[in-house]
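Written out below as structure tokens is the structure these notes cover.
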Amino acid sequence: MTFHMDSKNYMEYIKLVSKKITESKDYITEIDAATGDGDHWVNMNMGFTAIANSSAELENLKLSDMFKKIGKNFISVVGGSSGVLYGSAYLEAAKLTAGASHLTPETLCGVLEAMTNAIMQRGNAKPGDKTMIDSIYPAVQTFRLGLEEGTDLTMLLPAVKQSAIDGAESTKNMVAVKGRAYYQADRSISHIDPGAVTMSYQIGILMDYALEHLTPA
Ligand code: ADP
Ligand code: MG
């Protein structure tokens, strides 16, 4: 089995994320009030709503141009660290997909890897710092290892999703060293990181989408 994800598919995925973020207002705001400055939901909702609202235009672009527009949107529309970090991630995805018409399991994994590296570089953070990285990093590791081992995608895609969820959950036991949560580091212990949670939503929805769009190889 395999999958082919073009710009139209990707914008369908973005709309699903936008819906999920919008529905999660109370929970994300509550956990961000515990560790951060309480604006993470507003930032993410503003970004994904704006991008989803541009889907009629974006779904007709080449994959790389679509990623570039998404990145620029995040940077211009979204305040806070997450705007810059997601912006950098999507601009890196645009570079990687120049000339490509669709994503395959292999190129999607490469895109997620490039996004992870862009976020780590831009924010000067690493796994264990209690950020969104703690969700995407282990998910990408699971994805890469599974592809190398030839794991069936019907097993691998749910495993990638689970790694993202477990990674977000693991931030509960971490002390924040980056971002605004750092300033209240001792208060952040035992609280899950909001950016890791919204990242796990995105990876989960992406894996579900890919799973639903598997085709014979
Ligand atoms: P801000 O931190 O500027 O208020 P947001 O509230 O939108 O921005 O996003 C907060 C989330 O961003 C955090 O929960 C964390 O996951 C993530 N984050 C903050 N700083 C960094 C960083 N340097 N590297 C990676 N992720 C970060
Ligand atoms: Mg914030």
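In the structure tokens, chains take the letters A, B, ... in the order shown, each chain's residues start at 1, and ligands count up from 1 in the order shown.
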>> Around ligand 1, out to 8 Å and counting only C-alpha atoms and all ligand atoms, which residues are there? I want them as number ranges by chain.
In response: A: 32, 35-44, 78-83, 85, 119-120, 122-126, 130-133, 178-181, 193-197
Convert the current residue selection to file output with N, CA, C and O atoms, as a compact mmCIF listing (two decimals), in the first residue's frame.
```txt
# COMPACT_ATOMS: atom_id res chain seq x y z
N ASP A 32 -2.79 26.21 28.42
CA ASP A 32 -1.83 27.29 28.18
C ASP A 32 -1.87 28.32 29.31
O ASP A 32 -0.85 28.95 29.61
N THR A 35 0.64 27.11 31.97
CA THR A 35 2.10 27.16 31.76
C THR A 35 2.55 28.36 30.94
O THR A 35 3.66 28.84 31.10
N GLY A 36 1.72 28.84 30.04
CA GLY A 36 2.14 29.91 29.13
C GLY A 36 1.39 31.20 29.39
O GLY A 36 0.93 31.44 30.50
N ASP A 37 1.23 32.02 28.35
CA ASP A 37 0.55 33.30 28.54
C ASP A 37 -0.88 33.27 28.01
O ASP A 37 -1.51 34.31 27.88
N GLY A 38 -1.38 32.06 27.72
CA GLY A 38 -2.80 31.90 27.43
C GLY A 38 -3.24 32.22 26.02
O GLY A 38 -4.44 32.19 25.74
N ASP A 39 -2.30 32.49 25.11
CA ASP A 39 -2.69 32.91 23.75
C ASP A 39 -2.44 31.84 22.68
O ASP A 39 -2.65 32.08 21.50
N HIS A 40 -1.99 30.66 23.10
CA HIS A 40 -1.62 29.66 22.09
C HIS A 40 -2.81 29.25 21.23
O HIS A 40 -2.68 29.11 20.01
N TRP A 41 -3.98 29.06 21.85
CA TRP A 41 -5.15 28.69 21.04
C TRP A 41 -5.49 29.80 20.05
O TRP A 41 -5.77 29.53 18.88
N VAL A 42 -5.48 31.04 20.52
CA VAL A 42 -5.80 32.18 19.64
C VAL A 42 -4.84 32.19 18.45
O VAL A 42 -5.26 32.34 17.29
N ASN A 43 -3.55 32.01 18.74
CA ASN A 43 -2.54 32.02 17.67
C ASN A 43 -2.78 30.91 16.65
O ASN A 43 -2.81 31.16 15.44
N MET A 44 -2.97 29.69 17.15
CA MET A 44 -3.15 28.55 16.23
C MET A 44 -4.47 28.67 15.47
O MET A 44 -4.53 28.38 14.27
N VAL A 78 0.08 35.09 12.40
CA VAL A 78 0.14 34.57 13.76
C VAL A 78 1.21 35.27 14.60
O VAL A 78 2.37 35.34 14.21
N GLY A 79 0.79 35.75 15.75
CA GLY A 79 1.75 36.31 16.68
C GLY A 79 2.38 35.20 17.49
O GLY A 79 2.00 34.05 17.37
N GLY A 80 3.34 35.51 18.32
CA GLY A 80 3.93 34.52 19.22
C GLY A 80 4.93 33.61 18.55
O GLY A 80 5.09 33.64 17.34
N SER A 81 5.58 32.79 19.36
CA SER A 81 6.63 31.90 18.84
C SER A 81 6.07 30.95 17.80
O SER A 81 6.73 30.64 16.82
N SER A 82 4.84 30.48 18.03
CA SER A 82 4.35 29.44 17.13
C SER A 82 4.22 29.93 15.70
O SER A 82 4.45 29.16 14.77
N GLY A 83 3.89 31.20 15.48
CA GLY A 83 3.81 31.73 14.12
C GLY A 83 5.13 31.62 13.38
O GLY A 83 5.20 31.13 12.26
N LEU A 85 7.73 29.75 14.24
CA LEU A 85 8.22 28.36 14.19
C LEU A 85 7.49 27.57 13.09
O LEU A 85 8.13 26.89 12.29
N ILE A 119 12.20 23.84 13.01
CA ILE A 119 11.67 24.32 14.30
C ILE A 119 12.78 24.32 15.35
O ILE A 119 12.94 25.28 16.12
N MET A 120 13.59 23.26 15.36
CA MET A 120 14.66 23.17 16.36
C MET A 120 15.70 24.27 16.15
O MET A 120 16.20 24.85 17.11
N ARG A 122 15.25 27.24 14.44
CA ARG A 122 14.69 28.58 14.59
C ARG A 122 14.48 28.93 16.06
O ARG A 122 14.71 30.04 16.49
N GLY A 123 14.03 27.94 16.83
CA GLY A 123 13.72 28.20 18.24
C GLY A 123 14.84 27.83 19.17
O GLY A 123 14.72 28.00 20.39
N ASN A 124 15.93 27.29 18.60
CA ASN A 124 17.09 26.90 19.41
C ASN A 124 16.67 26.00 20.57
O ASN A 124 17.09 26.19 21.71
N ALA A 125 15.82 25.03 20.27
CA ALA A 125 15.35 24.10 21.30
C ALA A 125 15.57 22.67 20.83
O ALA A 125 15.81 22.42 19.64
N LYS A 126 15.48 21.75 21.76
CA LYS A 126 15.73 20.34 21.45
C LYS A 126 14.71 19.46 22.19
O LYS A 126 14.00 19.96 23.07
N LYS A 130 10.33 20.62 26.67
CA LYS A 130 8.90 20.86 26.92
C LYS A 130 8.29 21.81 25.90
O LYS A 130 7.74 22.88 26.24
N THR A 131 8.40 21.42 24.63
CA THR A 131 7.81 22.23 23.55
C THR A 131 7.13 21.29 22.55
O THR A 131 7.15 20.06 22.71
N MET A 132 6.59 21.89 21.48
CA MET A 132 6.01 21.15 20.37
C MET A 132 6.97 20.11 19.80
O MET A 132 6.54 19.11 19.22
N ILE A 133 8.27 20.35 19.94
CA ILE A 133 9.29 19.41 19.43
C ILE A 133 9.11 18.03 20.06
O ILE A 133 9.34 17.01 19.41
N LYS A 178 12.38 26.72 27.37
CA LYS A 178 12.25 27.64 26.24
C LYS A 178 10.85 28.26 26.25
O LYS A 178 9.91 27.68 26.78
N GLY A 179 10.75 29.40 25.62
CA GLY A 179 9.44 30.01 25.48
C GLY A 179 8.98 30.64 26.78
O GLY A 179 9.68 30.62 27.79
N ARG A 180 7.76 31.15 26.75
CA ARG A 180 7.26 31.90 27.90
C ARG A 180 7.06 31.02 29.13
O ARG A 180 7.14 31.49 30.26
N ALA A 181 6.78 29.73 28.90
CA ALA A 181 6.54 28.83 30.03
C ALA A 181 7.78 28.77 30.93
O ALA A 181 7.67 28.49 32.12
N ASP A 193 2.37 20.48 27.78
CA ASP A 193 2.68 21.68 26.99
C ASP A 193 1.65 21.89 25.88
O ASP A 193 1.42 20.98 25.07
N PRO A 194 1.02 23.06 25.81
CA PRO A 194 -0.03 23.29 24.80
C PRO A 194 0.45 23.15 23.36
O PRO A 194 -0.27 22.60 22.51
N GLY A 195 1.66 23.63 23.10
CA GLY A 195 2.20 23.53 21.74
C GLY A 195 2.43 22.08 21.31
O GLY A 195 2.28 21.73 20.14
N ALA A 196 2.77 21.24 22.28
CA ALA A 196 2.96 19.81 21.99
C ALA A 196 1.61 19.16 21.70
O ALA A 196 1.49 18.29 20.84
N VAL A 197 0.58 19.61 22.41
CA VAL A 197 -0.77 19.05 22.20
C VAL A 197 -1.28 19.43 20.81
O VAL A 197 -1.74 18.56 20.06
```
> Which parts of stretch 3-214 of chain A does DSSP call helix (DSSP H, G or I) when run on the backbone here, written out as an MDAnalysis selection string?
Replying inline: chainID A and resid 7:23 25:35 40:53 55:58 63:77 80:96 105:123 133:149 153:173 180:188 194:212
> Contacts of A:Met11 at 8 Å or less, counting only C-alpha atoms, minus same-chain residues fewer than 4 places along, as a PyMOL selection string?
Replying inline: chain A and resi 7+15+52+55+58-59
Just N, CA and C atoms for this one: save the residues we selected as a JSON list (two decimals), in the first residue's frame.
```json
[["chain", "number", "residue", "atom", "x", "y", "z"],
["A", 7, "SER", "N", -1.78, 18.87, -3.50],
["A", 7, "SER", "CA", -2.14, 20.11, -2.80],
["A", 7, "SER", "C", -3.60, 20.09, -2.35],
["A", 15, "LYS", "N", -7.97, 21.80, 6.52],
["A", 15, "LYS", "CA", -9.33, 22.15, 6.96],
["A", 15, "LYS", "C", -9.76, 21.29, 8.14],
["A", 52, "ALA", "N", -7.04, 27.88, 6.03],
["A", 52, "ALA", "CA", -8.17, 27.10, 5.53],
["A", 52, "ALA", "C", -9.08, 27.97, 4.66],
["A", 55, "SER", "N", -8.16, 28.14, 1.03],
["A", 55, "SER", "CA", -7.96, 26.83, 0.39],
["A", 55, "SER", "C", -8.32, 26.85, -1.10],
["A", 58, "LEU", "N", -5.13, 28.04, -2.58],
["A", 58, "LEU", "CA", -3.95, 27.23, -2.28],
["A", 58, "LEU", "C", -4.01, 25.83, -2.89],
["A", 59, "GLU", "N", -5.22, 25.25, -2.97],
["A", 59, "GLU", "CA", -5.31, 23.85, -3.45],
["A", 59, "GLU", "C", -4.95, 23.74, -4.94]]
```
> Which residues come within 9 Å of A:Glu113, counting only C-alpha atoms, excluding same-chain residues fewer than 5 positions away, as a PyMOL selection string?
Replying inline: chain A and resi 108+118+136-137+140-141+144
Same residues, N, CA and C atoms, output as a PDB file, in the first residue's frame:
```pdb
ATOM      1  N   LEU A 108       6.704  12.491   2.489  1.00  0.00           N
ATOM      2  CA  LEU A 108       6.008  13.079   3.639  1.00  0.00           C
ATOM      3  C   LEU A 108       6.889  12.961   4.884  1.00  0.00           C
ATOM      4  N   ALA A 118      13.813  22.519  11.135  1.00  0.00           N
ATOM      5  CA  ALA A 118      13.611  23.969  11.018  1.00  0.00           C
ATOM      6  C   ALA A 118      13.134  24.543  12.359  1.00  0.00           C
ATOM      7  N   ILE A 136       6.563  16.185  17.736  1.00  0.00           N
ATOM      8  CA  ILE A 136       6.908  15.884  16.334  1.00  0.00           C
ATOM      9  C   ILE A 136       8.189  15.052  16.228  1.00  0.00           C
ATOM     10  N   TYR A 137       9.141  15.279  17.124  1.00  0.00           N
ATOM     11  CA  TYR A 137      10.427  14.576  17.013  1.00  0.00           C
ATOM     12  C   TYR A 137      10.269  13.052  17.130  1.00  0.00           C
ATOM     13  N   VAL A 140       8.431  11.558  14.069  1.00  0.00           N
ATOM     14  CA  VAL A 140       9.268  11.451  12.875  1.00  0.00           C
ATOM     15  C   VAL A 140      10.244  10.276  12.999  1.00  0.00           C
ATOM     16  N   GLN A 141      10.760  10.063  14.200  1.00  0.00           N
ATOM     17  CA  GLN A 141      11.660   8.917  14.415  1.00  0.00           C
ATOM     18  C   GLN A 141      10.936   7.602  14.132  1.00  0.00           C
ATOM     19  N   ARG A 144      10.385   7.307  10.275  1.00  0.00           N
ATOM     20  CA  ARG A 144      11.612   6.980   9.550  1.00  0.00           C
ATOM     21  C   ARG A 144      12.010   5.528   9.759  1.00  0.00           C
TER      22      ARG A 144
END
```
> Do you know which residues are at most 12 Å from A:Ser88 counting only C-alpha atoms, after dropping those on the same chain fewer than 3 positions away, and could you put them as a VMD selection string?
Replying inline: chain A and resid 67 to 76 81 to 85 91 to 95 114 to 123
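With distances taken over only C-alpha atoms, A:Leu206 is the one residue among A:Ala168, A:Leu206, A:Ala50, A:Ile14 lying closest to A:Cys109.
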> With only C-alpha atoms as the atoms that count, which of A:Ile21, A:Leu145, A:Val77, A:Met5 lies nearest to A:Ala159?
Replying inline: A:Leu145
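The residue that comes closest to A:Ala98, out of A:Lys20, A:Ser64, A:Ile189, A:Val111 and on the basis of only C-alpha atoms, is A:Ser64.
Shortest separation to A:Lys19 among A:His102, A:Ser170, A:Ala176, A:Gln202 occurs at residue A:Gln202, atoms counted being only C-alpha atoms.
Taking only C-alpha atoms into account, A:Gly167 lies nearest to A:Pro127 out of the set A:Gly99, A:Pro127, A:Gly110, A:Pro216.
The spacing separating atom CA of A:Gly146 from atom CA of A:Val160 amounts to 8.9 Å.
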